[in-house]
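Shown next: coords.cif, given as mmCIF, C-alpha atoms.
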```
data_upload
loop_
_atom_site.label_atom_id
_atom_site.label_comp_id
_atom_site.auth_asym_id
_atom_site.auth_seq_id
_atom_site.Cartn_x
_atom_site.Cartn_y
_atom_site.Cartn_z
CA MET A 136 20.58 163.56 135.28
CA LYS A 137 21.27 166.63 137.35
CA ASN A 138 17.57 167.52 137.59
CA SER A 139 16.24 164.04 138.24
CA THR A 140 14.66 163.36 141.58
CA ILE A 141 15.19 160.11 143.41
CA ASN A 142 12.92 158.85 146.14
CA LEU A 143 14.78 156.87 148.79
CA LYS A 144 11.94 156.69 151.31
CA ASP A 145 11.44 153.18 152.73
CA LEU A 146 14.32 151.75 150.73
CA VAL A 147 16.74 149.74 152.85
CA ILE A 148 20.24 151.07 152.30
CA LEU A 149 23.26 149.28 153.75
CA VAL A 150 26.45 151.27 154.35
CA ALA A 151 29.47 149.03 154.91
CA ASP A 152 32.64 150.82 155.95
CA PRO A 153 35.16 150.25 158.75
CA ASN A 154 35.34 153.98 159.48
CA GLN A 155 32.58 154.80 161.95
CA TYR A 156 32.77 158.53 161.30
CA LEU A 157 32.53 158.04 157.56
CA ARG A 158 29.49 155.81 158.05
CA ARG A 159 27.85 158.61 160.02
CA VAL A 160 28.68 161.10 157.26
CA VAL A 161 27.26 158.86 154.52
CA ASN A 162 24.24 158.04 156.67
CA GLY A 163 23.67 161.79 157.17
CA MET A 164 23.92 162.45 153.45
CA LEU A 165 21.45 159.65 152.67
CA ARG A 166 18.99 160.97 155.25
CA GLY A 167 19.37 164.37 153.66
CA PHE A 168 18.41 162.75 150.36
CA GLY A 169 15.24 161.43 152.00
CA ALA A 170 16.30 157.94 153.07
CA ASN A 171 14.78 156.71 156.33
CA LYS A 172 16.10 153.15 156.52
CA VAL A 173 19.88 153.24 156.58
CA LEU A 174 21.79 150.36 158.14
CA GLU A 175 25.48 150.43 158.97
CA VAL A 176 28.02 147.62 159.28
CA GLU A 177 31.76 147.82 159.89
CA ASN A 178 33.00 144.61 158.29
CA SER A 179 32.07 141.87 155.87
CA ILE A 180 30.79 139.60 158.62
CA GLY A 181 28.22 142.24 159.53
CA LEU A 182 27.51 142.74 155.87
CA PHE A 183 26.63 139.10 155.25
CA GLN A 184 24.54 138.98 158.41
CA ALA A 185 22.60 142.01 157.19
CA LEU A 186 22.19 140.51 153.72
CA SER A 187 20.97 137.19 155.02
CA GLY A 188 18.59 138.76 157.53
CA GLN A 189 16.62 141.02 155.23
CA LYS A 190 16.15 142.35 151.75
CA ILE A 191 18.62 145.13 151.12
CA ASP A 192 17.79 147.57 148.32
CA ILE A 193 21.22 149.06 147.75
CA LEU A 194 24.69 148.44 149.14
CA LEU A 195 27.32 151.13 149.59
CA CYS A 196 30.50 149.21 150.34
CA ASP A 197 34.05 150.30 151.06
CA MET A 198 36.58 148.87 148.64
CA ARG A 199 38.78 147.78 151.55
CA LEU A 200 36.08 146.54 153.88
CA PRO A 201 37.84 144.12 156.23
CA PRO A 202 38.59 141.35 156.04
CA HIS A 203 37.62 140.44 152.49
CA GLY A 204 37.57 143.75 150.59
CA GLY A 205 34.84 145.13 148.38
CA LEU A 206 35.87 143.36 145.19
CA LYS A 207 35.73 139.88 146.69
CA LEU A 208 32.44 140.69 148.43
CA THR A 209 30.92 141.94 145.21
CA ARG A 210 31.96 138.77 143.40
CA THR A 211 30.61 136.63 146.22
CA ILE A 212 27.24 138.37 146.21
CA ARG A 213 26.96 138.16 142.42
CA ARG A 214 28.05 134.52 142.12
CA ASN A 215 25.77 133.05 144.73
CA SER A 216 22.82 131.94 142.65
CA ASP A 217 20.71 131.18 145.74
CA ASN A 218 21.10 134.69 147.10
CA GLU A 219 18.02 136.88 146.68
CA ASN A 220 20.32 139.91 146.89
CA ARG A 221 22.27 138.73 143.86
CA THR A 222 21.09 141.59 141.66
CA LEU A 223 21.41 144.14 144.44
CA PRO A 224 22.79 147.46 143.17
CA ILE A 225 26.34 147.76 144.54
CA LEU A 226 28.11 151.07 144.80
CA LEU A 227 31.76 150.72 145.80
CA MET A 228 33.42 153.58 147.69
CA SER A 229 37.15 153.82 147.12
CA SER A 230 40.04 156.18 147.64
CA ASP A 231 42.05 154.13 145.15
CA THR A 232 40.72 155.19 141.79
CA SER A 233 43.44 153.91 139.51
CA GLU A 234 42.16 152.67 136.18
CA SER A 235 42.95 149.06 137.06
CA THR A 236 40.95 149.28 140.30
CA VAL A 237 37.99 150.83 138.52
CA LYS A 238 38.08 148.16 135.83
CA ASN A 239 38.43 145.39 138.40
CA SER A 240 35.39 146.75 140.22
CA ARG A 241 33.38 146.77 137.05
CA ASP A 242 34.52 143.24 136.26
CA ALA A 243 33.59 142.08 139.76
CA GLY A 244 30.03 143.23 139.09
CA ALA A 245 29.82 146.59 140.84
CA ASN A 246 27.26 149.03 139.44
CA ILE A 247 29.46 152.06 139.99
CA ILE A 248 32.31 153.50 142.04
CA VAL A 249 32.29 156.72 143.99
CA ALA A 250 35.64 158.26 144.87
CA LYS A 251 36.48 158.99 148.49
CA PRO A 252 36.44 161.56 150.00
CA MET A 253 32.96 162.06 148.60
CA SER A 254 30.65 165.03 148.37
CA PRO A 255 26.84 164.91 148.68
CA SER A 256 26.49 165.76 144.98
CA ALA A 257 28.86 162.95 143.91
CA LEU A 258 26.86 160.44 145.92
CA TYR A 259 23.44 161.72 144.85
CA ASP A 260 24.36 161.71 141.16
CA ARG A 261 25.78 158.17 141.28
CA LEU A 262 22.62 156.90 142.97
CA GLY A 263 20.62 158.73 140.31
CA TRP A 264 22.61 157.11 137.54
CA ILE A 265 21.89 153.65 138.90
CA VAL A 266 18.18 154.50 139.07
CA PHE A 267 17.78 156.18 135.71
CA ASN A 268 20.27 154.18 133.65
CA PRO A 269 19.43 150.59 134.51
CA ARG A 270 21.75 148.13 132.84
CA PRO A 271 20.71 144.61 131.99
CA PHE A 272 22.36 141.81 133.92
CA VAL A 273 24.60 139.38 132.12
CA ASP A 274 24.84 135.80 133.34
CA THR A 275 27.66 133.74 131.85
CA ALA A 276 29.94 130.97 133.07
CA THR A 277 32.55 133.52 134.13
CA TYR A 278 30.58 136.64 135.00
CA PHE A 279 27.37 137.68 136.66
CA GLY A 280 26.61 141.36 136.96
CA PRO A 281 25.58 144.52 135.15
CA ASP A 282 26.35 144.53 131.44
CA ARG A 283 29.97 145.64 130.96
CA ARG A 284 29.95 145.84 127.20
CA PHE A 285 31.10 149.07 125.69
CA LYS A 286 29.31 150.86 122.94
CA ILE A 287 32.56 152.43 121.87
CA GLU A 288 33.69 153.69 118.55
CA GLY A 289 35.57 150.47 117.87
CA TYR A 290 38.06 147.93 119.15
CA PRO A 291 41.79 147.71 118.53
CA GLY A 292 42.80 145.93 115.37
CA GLY A 293 39.29 146.07 114.01
CA VAL A 294 38.06 143.28 116.27
CA GLY A 295 34.67 144.79 116.82
CA ARG A 296 32.22 143.07 119.09
CA ARG A 297 29.24 144.69 117.52
CA LYS A 298 28.14 145.44 114.06
CA GLY A 299 29.21 148.94 113.18
CA ASP A 300 32.10 149.23 115.66
CA LYS A 301 34.99 151.15 114.19
CA ILE A 302 38.74 150.92 114.71
CA ILE A 303 40.18 153.33 117.23
CA ASP A 304 43.53 153.85 118.91
CA VAL A 305 43.55 152.82 122.53
CA ALA A 306 46.06 154.42 124.91
CA ALA A 307 48.28 152.25 127.06
CA GLU A 308 46.93 151.62 130.53
CA GLU A 309 48.28 154.06 133.10
CA GLY A 310 48.46 154.04 136.87
CA PRO A 311 47.45 157.46 138.24
CA ALA A 312 44.19 157.99 140.07
CA LEU A 313 41.19 158.75 137.92
CA GLY A 314 38.85 161.62 138.64
CA GLN A 315 35.18 160.88 139.30
CA ASP A 316 34.32 161.89 135.71
CA ASP A 317 36.84 159.40 134.32
CA ILE A 318 35.51 156.69 136.61
CA ASP A 319 31.99 157.43 135.46
CA SER A 320 33.03 157.22 131.84
CA LEU A 321 34.26 153.65 132.34
CA PHE A 322 30.75 152.77 133.48
CA SER A 323 28.78 155.17 131.31
CA ASN A 324 30.26 153.71 128.14
CA ALA A 325 28.79 150.42 129.16
CA ARG A 326 25.45 152.04 129.89
CA ALA A 327 25.41 153.76 126.53
CA GLY A 328 25.62 150.33 124.93
CA GLN A 329 21.99 149.60 125.63
CA SER A 330 20.53 152.23 123.43
CA MET B 146 41.99 120.19 120.39
CA SER B 147 38.91 122.13 119.44
CA LYS B 148 37.65 124.73 121.82
CA LYS B 149 34.28 124.01 123.39
CA PRO B 150 31.76 126.69 122.47
CA SER B 151 30.71 128.81 125.43
CA PRO B 152 27.07 128.59 126.40
CA PRO B 153 25.16 131.70 125.36
CA ALA B 154 24.97 134.54 127.86
CA ASN B 155 21.67 135.04 129.60
CA ILE B 156 20.82 138.74 129.50
CA PHE B 157 17.93 140.12 131.51
CA TYR B 158 16.71 143.19 133.35
CA ALA B 159 16.71 142.64 137.09
CA ASP B 160 14.04 145.29 137.79
CA THR B 161 15.27 145.87 141.33
CA ARG B 162 13.11 147.38 144.04
CA PHE B 163 15.67 150.18 144.27
CA GLU B 164 15.23 151.18 140.63
CA ARG B 165 11.45 150.84 140.83
CA GLN B 166 10.89 152.64 144.11
CA ALA B 167 13.46 155.37 143.64
CA ARG B 168 11.61 156.57 140.54
CA ARG B 169 8.39 157.12 142.47
CA ALA B 170 7.04 160.62 142.77
CA GLY B 171 7.48 162.33 146.11
CA GLY B 172 11.25 162.24 146.33
CA VAL B 173 13.41 165.13 147.42
CA ASP B 174 14.52 167.13 144.39
CA ARG B 175 18.26 167.28 143.78
CA ASP B 176 18.90 170.83 144.94
CA ARG B 177 16.96 170.39 148.13
CA ALA B 178 18.46 166.94 148.73
CA LEU B 179 21.96 168.37 148.43
CA GLN B 180 21.13 171.27 150.74
CA ARG B 181 19.71 168.90 153.32
CA ALA B 182 22.66 166.51 152.98
CA GLN B 183 25.10 169.40 153.38
CA ALA B 184 23.20 170.51 156.48
CA GLU B 185 23.54 166.97 157.89
CA VAL B 186 27.29 167.08 157.19
CA GLU B 187 27.54 170.51 158.83
CA GLY B 188 25.75 169.10 161.85
CA LEU B 189 28.49 166.50 162.23
CA LYS B 190 31.27 169.08 162.16
CA ALA B 191 31.09 169.74 165.89
CA ASP B 192 31.98 166.09 166.49
CA PHE B 193 34.60 166.15 163.78
CA ASP B 194 37.14 168.09 165.84
CA VAL B 195 36.82 165.52 168.61
CA TRP B 196 37.05 162.64 166.14
CA ILE B 197 40.05 164.05 164.30
CA ASP B 198 41.88 164.63 167.62
CA THR B 199 41.26 161.01 168.58
CA GLU B 200 42.49 159.78 165.19
CA PHE B 201 45.61 161.96 165.39
CA LYS B 202 46.36 160.55 168.83
CA LYS B 203 45.97 156.99 167.52
CA LEU B 204 48.14 157.84 164.53
CA ASN B 205 50.84 159.43 166.68
CA THR B 206 50.88 156.39 168.97
CA ALA B 207 51.31 154.07 165.97
CA LEU B 208 53.99 156.33 164.46
CA ALA B 209 55.88 156.33 167.79
CA GLU B 210 55.78 152.52 167.75
CA ILE B 211 57.13 152.55 164.20
CA THR B 212 59.91 154.93 165.28
CA ALA B 213 60.84 152.47 168.03
CA ASP B 214 60.75 149.52 165.64
CA PRO B 215 60.47 150.32 161.92
CA ALA B 216 59.92 146.62 161.17
CA ASP B 217 56.74 146.50 163.32
CA LYS B 218 54.23 145.51 160.61
CA ALA B 219 51.27 145.65 162.98
CA ALA B 220 52.09 149.26 163.91
CA LEU B 221 52.52 150.13 160.23
CA GLU B 222 49.10 148.63 159.50
CA ARG B 223 47.51 150.52 162.40
CA ALA B 224 49.06 153.79 161.26
CA ASN B 225 47.88 153.11 157.71
CA VAL B 226 44.30 152.46 158.84
CA CYS B 227 44.23 155.70 160.89
CA CYS B 228 45.73 157.63 158.04
CA ALA B 229 43.24 156.19 155.54
CA GLN B 230 40.36 157.23 157.81
CA LEU B 231 41.67 160.80 157.95
CA ARG B 232 42.15 160.82 154.19
CA ASP B 233 38.65 159.51 153.45
CA VAL B 234 36.81 162.04 155.58
CA GLY B 235 38.97 165.20 155.62
CA THR B 236 37.82 166.85 152.41
CA THR B 237 34.15 166.02 153.00
CA MET B 238 34.36 167.89 156.30
CA GLY B 239 36.22 170.86 154.80
CA TYR B 240 39.77 169.79 155.69
CA GLU B 241 41.32 169.28 152.26
CA LEU B 242 44.84 169.66 153.53
CA VAL B 243 44.35 166.84 156.04
CA THR B 244 43.20 164.59 153.19
CA PHE B 245 46.20 165.57 151.09
CA ILE B 246 48.77 164.91 153.84
CA ALA B 247 47.05 161.68 154.88
CA ARG B 248 47.05 160.49 151.27
CA THR B 249 50.80 160.98 150.88
CA LEU B 250 51.49 159.35 154.25
CA CYS B 251 49.27 156.38 153.30
CA GLU B 252 51.31 155.90 150.13
CA ILE B 253 54.52 155.90 152.17
CA LEU B 254 53.18 153.56 154.85
CA GLU B 255 51.98 151.17 152.15
CA ALA B 256 55.46 151.30 150.61
CA TYR B 257 57.03 150.56 154.03
CA ILE B 258 54.66 147.63 154.48
CA ALA B 259 55.78 146.40 151.05
CA GLY B 260 59.46 146.72 151.99
CA ALA B 261 60.64 150.24 151.14
CA PRO B 262 63.50 151.41 153.40
CA TYR B 263 62.33 153.33 156.48
CA ASP B 264 63.29 156.98 156.90
CA GLN B 265 62.38 158.77 160.15
CA ASN B 266 62.58 162.19 158.45
CA VAL B 267 59.69 161.22 156.19
CA ILE B 268 57.48 160.41 159.17
CA ASP B 269 58.59 163.59 160.98
CA CYS B 270 57.80 165.87 158.06
CA HIS B 271 54.30 164.34 157.80
CA SER B 272 53.74 164.75 161.54
CA ASN B 273 54.77 168.40 161.24
CA ALA B 274 52.50 168.87 158.23
CA PHE B 275 49.56 167.40 160.16
CA MET B 276 50.32 169.76 163.04
CA LEU B 277 50.18 172.74 160.69
CA ALA B 278 47.01 171.47 159.00
CA ARG B 279 45.20 171.49 162.35
CA MET B 280 46.12 175.10 163.12
CA GLU B 281 43.41 177.67 162.60
CA GLN B 282 45.24 179.56 159.84
CA TYR B 283 45.84 176.38 157.79
CA ARG B 284 42.92 174.06 158.51
CA HIS B 285 40.59 175.29 155.76
CA LEU B 286 43.23 175.90 153.11
CA ARG B 287 43.29 173.89 149.91
CA PRO B 288 46.50 172.06 148.94
CA ASP B 289 47.06 174.47 146.03
CA GLN B 290 47.18 177.36 148.51
CA VAL B 291 50.26 175.93 150.24
CA PRO B 292 52.37 174.79 147.28
CA GLU B 293 55.65 174.68 149.23
CA MET B 294 54.21 172.10 151.59
CA THR B 295 52.31 170.05 149.04
CA ASN B 296 55.06 169.96 146.43
CA GLY B 297 57.54 169.03 149.15
CA LEU B 298 55.37 166.15 150.35
CA LEU B 299 54.84 164.90 146.81
CA ARG B 300 58.59 164.88 146.28
CA VAL B 301 59.05 163.02 149.56
CA VAL B 302 56.54 160.36 148.45
CA GLU B 303 58.29 160.02 145.13
CA LEU B 304 61.64 159.36 146.78
CA ALA B 305 60.58 157.50 149.89
CA SER B 306 58.19 154.99 148.40
CA ILE B 307 60.67 153.29 146.11
CA ILE B 308 60.73 149.60 146.92
CA PRO B 309 64.09 147.96 146.20
CA PRO B 310 63.80 145.27 143.51
CA ASP B 311 65.12 142.57 145.86
CA VAL B 312 62.16 143.03 148.24
CA ALA B 313 59.48 143.91 145.68
CA PRO B 314 56.73 141.26 145.55
#
```

What does the file become when written as structure tokens?
Amino acid sequence: MKNSTINLKDLVILVADPNQYLRRVVNGMLRGFGANKVLEVENSIGLFQALSGQKIDILLCDMRLPPHGGLKLTRTIRRNSDNENRTLPILLMSSDTSESTVKNSRDAGANIIVAKPMSPSALYDRLGWIVFNPRPFVDTATYFGPDRRFKIEGYPGGVGRRKGDKIIDVAAEEGPALGQDDIDSLFSNARAGQS
Amino acid sequence: MSKKPSPPANIFYADTRFERQARRAGGVDRDRALQRAQAEVEGLKADFDVWIDTEFKKLNTALAEITADPADKAALERANVCCAQLRDVGTTMGYELVTFIARTLCEILEAYIAGAPYDQNVIDCHSNAFMLARMEQYRHLRPDQVPEMTNGLLRVVELASIIPPDVAP
């Protein structure tokens, strides 16, 4: 992934964050990557106005975007079957990277999370992963979003979901913040499931 | 009662414009993209000092309001928002220590909002730490280069963010 090139020219990128300075920083990074159509909004009202007014190609949304928060917004976007942006790639930006938050984001339908404060390389690589590791969408009664299934070595108690899954020990869930690599692994396992 | 079988999941590739277009030739290669992005970030640094001063002023105003009335939830929320903004940008702009101090203060403010007992010393030691972090000799240090300060703040968070069981949600 590190050597892959992404072309952001003419793609409409929406940055939703209440922090005006952070929006400028992210906007600057995206322009450095070659983007030329970056929109900024400071709250979820602005976000929905932007989404209803035009086709957005990717959304970078703060986890705590007021007043609804990134998780609820992600669910709302994914669940609205009339919304042409329903399959929009969503990258959540969060300073809270506890395992439960990362899993909740994945279960809400986010494509990936990038930890704040972020570096240009962290952002570029996460965008690249969305581009070069497309996941199928899953539409069920209770979930709409990128495939969350794990191609792991097995499930506890031998309850494998897929043929060939093996039994493994799973550690108890813990609270501390995850590093970006750990966050990625919660998503990359799901991506690996397609092959 | 028998459980109704769930309808089968519909699985499909969305083939988004983002995925399609971003793979086109003519993009900026990673190394150059990162250099250019870093240059953009550097270009914002001149404004950063102004921005961080404004945020510190807002934070200090909110902290003074909290000192006057520790039960002032609105002031706690305002301080938390300011602090979160400092935390989320500091490291990106080369101020890792600011991010570290802001992170510990955010944890404490969130605990106060949730009902942890207020302690003025905790606020004062964070204000002092912020003051140091803005001084020339400290501003570009990493947290591991000032272990006395960072370990002290971590210990403060550990003790000050305990929410008594009778007020815990």

key: Selection result of the PyMOL selection byres ((chain A) within 7 of (chain B)) on this file, as number ranges by chain   = A: 138-143, 146, 154, 157, 160, 163-165, 167-169, 192-193, 222, 230, 251-256, 266, 271-275

Spell out the residues picked by the PyMOL selection byres ((chain B and resi 217-219) around 12) here, as a short mmCIF file (atom, residue, chain, number, x, y, z; two decimals) with C-alpha atoms, keeping the file's coordinate frame.
```cif
data_model
loop_
_atom_site.label_atom_id
_atom_site.label_comp_id
_atom_site.auth_asym_id
_atom_site.auth_seq_id
_atom_site.Cartn_x
_atom_site.Cartn_y
_atom_site.Cartn_z
CA ALA B 207 51.31 154.07 165.97
CA LEU B 208 53.99 156.33 164.46
CA ALA B 209 55.88 156.33 167.79
CA GLU B 210 55.78 152.52 167.75
CA ILE B 211 57.13 152.55 164.20
CA THR B 212 59.91 154.93 165.28
CA ALA B 213 60.84 152.47 168.03
CA ASP B 214 60.75 149.52 165.64
CA PRO B 215 60.47 150.32 161.92
CA ALA B 216 59.92 146.62 161.17
CA ALA B 220 52.09 149.26 163.91
CA LEU B 221 52.52 150.13 160.23
CA GLU B 222 49.10 148.63 159.50
CA ARG B 223 47.51 150.52 162.40
CA ALA B 224 49.06 153.79 161.26
CA ASN B 225 47.88 153.11 157.71
CA VAL B 226 44.30 152.46 158.84
CA LEU B 254 53.18 153.56 154.85
CA GLU B 255 51.98 151.17 152.15
CA ALA B 256 55.46 151.30 150.61
CA TYR B 257 57.03 150.56 154.03
CA ILE B 258 54.66 147.63 154.48
CA ALA B 259 55.78 146.40 151.05
CA GLY B 260 59.46 146.72 151.99
CA TYR B 263 62.33 153.33 156.48
#
```

ask   = What lies within 8 Å of stretch 279-292 of chain B using all atoms listed in the file, ignoring chain neighbours under 4 positions off, as a PyMOL selection string?
value = chain B and resi 239-243+245+275+296-297

task = Could you please determine the separation between atom CA of A:Ser179 and atom CA of A:Val237 in Å, to one decimal place?
result = 20.4 Å

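The space between atom CA of A:Pro269 and atom CA of A:Leu195 spans 17.0 Å.
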
task = Spell out the residues picked by the PyMOL selection byres ((chain A and resi 204) around 12) here, as a list in words.
result = Ala151, Asp152, Pro153, Glu177, Asn178, Ser179, Ile180, Leu182, Cys196, Asp197, Met198, Arg199, Leu200, Pro201, Pro202, His203, Gly205, Leu206, Lys207, Leu208, Thr209, Arg210, Thr211, Leu227, Met228, Ser229, Ser240 and Ala243 of chain A

ask   = Can you tell me how far atom CA of A:Ile247 sits from atom CA of A:Leu226, in Å to one decimal?
value = 5.1 Å

query = Hey, which of B:Pro262, B:Glu252, B:Pro150, B:Ile268 ends up closest to B:Asn205? Count all atoms listed in the file.
reply = B:Ile268

Quick one: residues within 9 Å of stretch 310-322 of chain A, all atoms listed in the file counted, chain neighbours fewer than 4 positions away excluded, as a compact mmCIF listing (two decimals) with C-alpha atoms, in the frame of the given file?
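In the end it all went to selection.txt:
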```
# COMPACT_ATOMS: atom_id res chain seq x y z
CA SER A 230 40.04 156.18 147.64
CA ASP A 231 42.05 154.13 145.15
CA THR A 232 40.72 155.19 141.79
CA SER A 233 43.44 153.91 139.51
CA GLU A 234 42.16 152.67 136.18
CA SER A 235 42.95 149.06 137.06
CA VAL A 237 37.99 150.83 138.52
CA LYS A 238 38.08 148.16 135.83
CA ARG A 241 33.38 146.77 137.05
CA ASN A 246 27.26 149.03 139.44
CA ILE A 247 29.46 152.06 139.99
CA ILE A 248 32.31 153.50 142.04
CA VAL A 249 32.29 156.72 143.99
CA ALA A 250 35.64 158.26 144.87
CA ALA A 257 28.86 162.95 143.91
CA ARG A 261 25.78 158.17 141.28
CA ARG A 283 29.97 145.64 130.96
CA PHE A 285 31.10 149.07 125.69
CA ARG A 326 25.45 152.04 129.89
CA ALA A 327 25.41 153.76 126.53
```

ask   = Within 10 Å of (18.9, 154.7, 161.3), only C-alpha atoms: residues as a PyMOL selection string?
value = chain A and resi 148+159+162-163+166+170-175

7 Å contact set for B:Leu298, only C-alpha atoms, chain neighbours under 4 positions out, as JSON, numbers by chain = {"B": [249, 294, 302]}

Reconstruct stretch 139-158 of chain A at the level of N, CA and C atoms, and format the result as a PDB file, keeping the file's coordinate frame.
```pdb
ATOM      1  N   SER A 139      17.107 165.156 137.906  1.00  0.00           N
ATOM      2  CA  SER A 139      16.240 164.040 138.240  1.00  0.00           C
ATOM      3  C   SER A 139      16.107 163.905 139.750  1.00  0.00           C
ATOM      4  N   THR A 140      14.923 163.515 140.153  1.00  0.00           N
ATOM      5  CA  THR A 140      14.660 163.360 141.580  1.00  0.00           C
ATOM      6  C   THR A 140      14.610 161.881 141.919  1.00  0.00           C
ATOM      7  N   ILE A 141      15.286 161.508 142.980  1.00  0.00           N
ATOM      8  CA  ILE A 141      15.190 160.110 143.410  1.00  0.00           C
ATOM      9  C   ILE A 141      14.477 160.060 144.759  1.00  0.00           C
ATOM     10  N   ASN A 142      13.707 159.007 144.926  1.00  0.00           N
ATOM     11  CA  ASN A 142      12.920 158.850 146.140  1.00  0.00           C
ATOM     12  C   ASN A 142      13.462 157.656 146.928  1.00  0.00           C
ATOM     13  N   LEU A 143      14.137 157.935 148.022  1.00  0.00           N
ATOM     14  CA  LEU A 143      14.780 156.870 148.790  1.00  0.00           C
ATOM     15  C   LEU A 143      13.948 156.423 149.990  1.00  0.00           C
ATOM     16  N   LYS A 144      12.755 157.003 150.139  1.00  0.00           N
ATOM     17  CA  LYS A 144      11.940 156.690 151.310  1.00  0.00           C
ATOM     18  C   LYS A 144      11.595 155.189 151.336  1.00  0.00           C
ATOM     19  N   ASP A 145      11.764 154.579 152.474  1.00  0.00           N
ATOM     20  CA  ASP A 145      11.440 153.180 152.730  1.00  0.00           C
ATOM     21  C   ASP A 145      12.353 152.183 152.015  1.00  0.00           C
ATOM     22  N   LEU A 146      13.351 152.676 151.317  1.00  0.00           N
ATOM     23  CA  LEU A 146      14.320 151.750 150.730  1.00  0.00           C
ATOM     24  C   LEU A 146      15.378 151.423 151.784  1.00  0.00           C
ATOM     25  N   VAL A 147      15.759 150.155 151.832  1.00  0.00           N
ATOM     26  CA  VAL A 147      16.740 149.740 152.850  1.00  0.00           C
ATOM     27  C   VAL A 147      18.146 149.873 152.248  1.00  0.00           C
ATOM     28  N   ILE A 148      18.908 150.773 152.824  1.00  0.00           N
ATOM     29  CA  ILE A 148      20.240 151.070 152.300  1.00  0.00           C
ATOM     30  C   ILE A 148      21.272 150.596 153.317  1.00  0.00           C
ATOM     31  N   LEU A 149      22.227 149.807 152.843  1.00  0.00           N
ATOM     32  CA  LEU A 149      23.260 149.280 153.750  1.00  0.00           C
ATOM     33  C   LEU A 149      24.589 149.975 153.454  1.00  0.00           C
ATOM     34  N   VAL A 150      25.148 150.608 154.477  1.00  0.00           N
ATOM     35  CA  VAL A 150      26.450 151.270 154.350  1.00  0.00           C
ATOM     36  C   VAL A 150      27.478 150.413 155.075  1.00  0.00           C
ATOM     37  N   ALA A 151      28.452 149.911 154.326  1.00  0.00           N
ATOM     38  CA  ALA A 151      29.470 149.030 154.910  1.00  0.00           C
ATOM     39  C   ALA A 151      30.832 149.707 154.807  1.00  0.00           C
ATOM     40  N   ASP A 152      31.342 150.145 155.949  1.00  0.00           N
ATOM     41  CA  ASP A 152      32.640 150.820 155.950  1.00  0.00           C
ATOM     42  C   ASP A 152      33.239 150.668 157.352  1.00  0.00           C
ATOM     43  N   PRO A 153      34.555 150.418 157.426  1.00  0.00           N
ATOM     44  CA  PRO A 153      35.160 150.250 158.750  1.00  0.00           C
ATOM     45  C   PRO A 153      35.256 151.556 159.535  1.00  0.00           C
ATOM     46  N   ASN A 154      35.171 152.677 158.844  1.00  0.00           N
ATOM     47  CA  ASN A 154      35.340 153.980 159.480  1.00  0.00           C
ATOM     48  C   ASN A 154      33.991 154.477 160.015  1.00  0.00           C
ATOM     49  N   GLN A 155      33.870 154.466 161.342  1.00  0.00           N
ATOM     50  CA  GLN A 155      32.580 154.800 161.950  1.00  0.00           C
ATOM     51  C   GLN A 155      32.164 156.226 161.619  1.00  0.00           C
ATOM     52  N   TYR A 156      33.120 157.127 161.576  1.00  0.00           N
ATOM     53  CA  TYR A 156      32.770 158.530 161.300  1.00  0.00           C
ATOM     54  C   TYR A 156      32.284 158.672 159.854  1.00  0.00           C
ATOM     55  N   LEU A 157      32.960 157.968 158.953  1.00  0.00           N
ATOM     56  CA  LEU A 157      32.530 158.040 157.560  1.00  0.00           C
ATOM     57  C   LEU A 157      31.134 157.453 157.376  1.00  0.00           C
ATOM     58  N   ARG A 158      30.846 156.389 158.122  1.00  0.00           N
ATOM     59  CA  ARG A 158      29.490 155.810 158.050  1.00  0.00           C
ATOM     60  C   ARG A 158      28.463 156.837 158.486  1.00  0.00           C
TER      61      ARG A 158
END
```
